[in-house]
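Quick notes on the structure that follows.
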Amino acid sequence: MQKTIITVVGKDTVGIIAKVCSYLANNQVNILDISQTIVDGFFNMMMVADTSGSPKKLTEIRHELHQIGEEIGCSIHVQHEDIFNKMHRI
C-alpha cells in the first residue's frame with residue numbers, strides 16, 4: 001500500500017468533489033479516508049488514498065490533479081504519507 005495525502009482548498013463551487021473523485025476512480029486510486037468542510041464559502045478537503053493500484057506514478061498523479069485544481073479554481077496538493085508526516089510533526 002502506498003498511502004498518499006491529497007488536500008483540496010478553494011472557494012466552494014459545484015462539482016469539486018465529483019471532479020477529484022472521478023479522476024481518482026479513473027486512475028485506480030482508492031480513497032481510504034476523506035474529510036471535507038466548508039467554512040464561510042471556502043471548501044477544504046483532505047483525503048488519504050492508496051495509489052499503489054494506479055498505473056501512473058505519483059508525480060504524474062500530482063501533476064494531473066494540479067491541472068484539475070487550476071481548472072476548478074482550487075489548490076490541490078498531493079504528498080506521499082511519509083513526507084506529509086515529517087512536515088507536520090509536533
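Just remember, in the C-alpha cells the first chain shown is A, the second B, etc., residues are 1-based per chain, and ligands are 1-based in the order shown.
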Problem set entry | helix (DSSP H, G or I) per DSSP on the backbone: members of range 4-89 of chain A, as a PyMOL selection string | chain A and resi 16-26+58-72+81-87
Given the selection you just returned, output its residues as a file containing N, CA, C and O atoms, formatted as a compact mmCIF listing (two decimals), in the first residue's frame.
```
# COMPACT_ATOMS: atom_id res chain seq x y z
N ILE A 16 -16.63 20.12 -7.17
CA ILE A 16 -15.24 19.92 -6.75
C ILE A 16 -15.00 18.45 -6.40
O ILE A 16 -14.08 17.82 -6.92
N ILE A 17 -15.83 17.91 -5.52
CA ILE A 17 -15.65 16.52 -5.09
C ILE A 17 -15.80 15.58 -6.28
O ILE A 17 -15.01 14.64 -6.45
N ALA A 18 -16.77 15.83 -7.13
CA ALA A 18 -17.01 14.97 -8.30
C ALA A 18 -15.80 14.94 -9.22
O ALA A 18 -15.39 13.87 -9.68
N LYS A 19 -15.21 16.10 -9.50
CA LYS A 19 -14.04 16.15 -10.40
C LYS A 19 -12.87 15.37 -9.83
O LYS A 19 -12.24 14.57 -10.52
N VAL A 20 -12.56 15.62 -8.55
CA VAL A 20 -11.40 14.98 -7.93
C VAL A 20 -11.63 13.47 -7.80
O VAL A 20 -10.77 12.67 -8.17
N CYS A 21 -12.79 13.09 -7.31
CA CYS A 21 -13.07 11.66 -7.11
C CYS A 21 -13.19 10.91 -8.43
O CYS A 21 -12.77 9.74 -8.52
N SER A 22 -13.72 11.53 -9.46
CA SER A 22 -13.79 10.89 -10.77
C SER A 22 -12.39 10.62 -11.31
O SER A 22 -12.11 9.55 -11.85
N TYR A 23 -11.51 11.61 -11.16
CA TYR A 23 -10.12 11.41 -11.60
C TYR A 23 -9.49 10.24 -10.85
O TYR A 23 -8.86 9.38 -11.46
N LEU A 24 -9.66 10.21 -9.53
CA LEU A 24 -9.06 9.13 -8.74
C LEU A 24 -9.61 7.77 -9.15
O LEU A 24 -8.86 6.82 -9.34
N ALA A 25 -10.91 7.67 -9.32
CA ALA A 25 -11.53 6.41 -9.71
C ALA A 25 -11.04 5.96 -11.09
O ALA A 25 -10.74 4.77 -11.30
N ASN A 26 -10.95 6.89 -12.02
CA ASN A 26 -10.50 6.56 -13.37
C ASN A 26 -9.04 6.12 -13.42
O ASN A 26 -8.60 5.53 -14.42
N LEU A 58 3.30 8.57 -8.95
CA LEU A 58 2.79 9.63 -8.08
C LEU A 58 3.05 11.02 -8.68
O LEU A 58 2.22 11.91 -8.57
N THR A 59 4.18 11.20 -9.33
CA THR A 59 4.48 12.50 -9.93
C THR A 59 3.47 12.87 -11.02
O THR A 59 3.08 14.02 -11.14
N GLU A 60 3.03 11.87 -11.77
CA GLU A 60 2.03 12.12 -12.82
C GLU A 60 0.66 12.43 -12.21
O GLU A 60 -0.04 13.35 -12.66
N ILE A 61 0.29 11.69 -11.18
CA ILE A 61 -0.96 11.95 -10.47
C ILE A 61 -0.94 13.36 -9.89
O ILE A 61 -1.91 14.12 -10.03
N ARG A 62 0.16 13.72 -9.27
CA ARG A 62 0.31 15.06 -8.68
C ARG A 62 0.12 16.14 -9.74
O ARG A 62 -0.62 17.11 -9.54
N HIS A 63 0.78 15.98 -10.88
CA HIS A 63 0.71 16.96 -11.95
C HIS A 63 -0.71 17.08 -12.50
O HIS A 63 -1.22 18.19 -12.69
N GLU A 64 -1.35 15.95 -12.76
CA GLU A 64 -2.70 15.97 -13.33
C GLU A 64 -3.72 16.54 -12.35
O GLU A 64 -4.62 17.28 -12.76
N LEU A 65 -3.60 16.22 -11.06
CA LEU A 65 -4.52 16.80 -10.07
C LEU A 65 -4.28 18.30 -9.93
O LEU A 65 -5.22 19.08 -9.75
N HIS A 66 -3.03 18.73 -10.05
CA HIS A 66 -2.74 20.17 -10.01
C HIS A 66 -3.44 20.87 -11.18
O HIS A 66 -4.04 21.94 -11.00
N GLN A 67 -3.41 20.25 -12.36
CA GLN A 67 -4.10 20.82 -13.52
C GLN A 67 -5.62 20.89 -13.30
O GLN A 67 -6.25 21.89 -13.64
N ILE A 68 -6.18 19.84 -12.72
CA ILE A 68 -7.62 19.83 -12.42
C ILE A 68 -7.93 20.97 -11.44
O ILE A 68 -8.92 21.68 -11.59
N GLY A 69 -7.08 21.14 -10.44
CA GLY A 69 -7.26 22.22 -9.48
C GLY A 69 -7.30 23.58 -10.15
O GLY A 69 -8.14 24.43 -9.82
N GLU A 70 -6.41 23.80 -11.12
CA GLU A 70 -6.41 25.08 -11.84
C GLU A 70 -7.71 25.27 -12.62
O GLU A 70 -8.26 26.36 -12.67
N GLU A 71 -8.22 24.17 -13.20
CA GLU A 71 -9.47 24.25 -13.97
C GLU A 71 -10.66 24.60 -13.10
O GLU A 71 -11.56 25.32 -13.54
N ILE A 72 -10.68 24.10 -11.86
CA ILE A 72 -11.85 24.32 -10.99
C ILE A 72 -11.61 25.41 -9.95
O ILE A 72 -12.45 25.64 -9.09
N GLU A 81 2.59 9.91 2.11
CA GLU A 81 2.29 9.97 3.54
C GLU A 81 3.53 10.25 4.38
O GLU A 81 3.46 11.03 5.34
N ASP A 82 4.66 9.66 4.06
CA ASP A 82 5.88 9.87 4.85
C ASP A 82 6.30 11.33 4.84
O ASP A 82 6.69 11.88 5.87
N ILE A 83 6.24 11.97 3.69
CA ILE A 83 6.61 13.39 3.59
C ILE A 83 5.63 14.24 4.37
O ILE A 83 6.01 15.15 5.10
N PHE A 84 4.34 13.95 4.23
CA PHE A 84 3.32 14.70 4.96
C PHE A 84 3.56 14.59 6.47
O PHE A 84 3.53 15.60 7.18
N ASN A 85 3.81 13.38 6.96
CA ASN A 85 4.04 13.18 8.39
C ASN A 85 5.27 13.93 8.88
O ASN A 85 5.24 14.53 9.96
N LYS A 86 6.33 13.92 8.11
CA LYS A 86 7.55 14.62 8.53
C LYS A 86 7.35 16.13 8.55
O LYS A 86 7.89 16.82 9.40
N MET A 87 6.55 16.64 7.62
CA MET A 87 6.30 18.07 7.56
C MET A 87 5.37 18.54 8.67
O MET A 87 5.37 19.72 9.03
```
Exercise. Which residue, A:Val29, A:Ile76, A:Val14, A:Val9, has the smallest gap to Lys56 in chain A when you use only C-alpha atoms?
Worked result: A:Val29
For this session: One decimal, Å: what's the distance from CA of Gly73 in chain A over to CA of Phe43 in chain A, could you say?
Result: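 Separation of CA of Gly73 in chain A and CA of Phe43 in chain A: 10.8 Å.
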For this session: Tell me which protein, DNA and RNA residues are within 9 Å of Gln36 in chain A, counting only C-alpha atoms, leaving out same-chain ones fewer than 2 positions away, and put them as a VMD selection string.
Result: chain A and resid 8 34 38 43 to 47
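You can rank A:Phe42, A:Ile5, A:Ile31, A:Thr37 by their closest distance to Cys74 in chain A using only C-alpha atoms, and at the top of that list sits A:Phe42.
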Exercise. Which residues come within 8 Å of range 49-55 of chain A, counting only C-alpha atoms, excluding same-chain residues fewer than 5 positions away, as a PyMOL selection string?
Worked result: chain A and resi 1-6+27-33
For this session: Name the residues of chain A that come out as strand (DSSP E) in a backbone DSSP run; write them as an MDAnalysis selection string.
Result: chainID A and resid 3:11 30:39 42:50 74:80
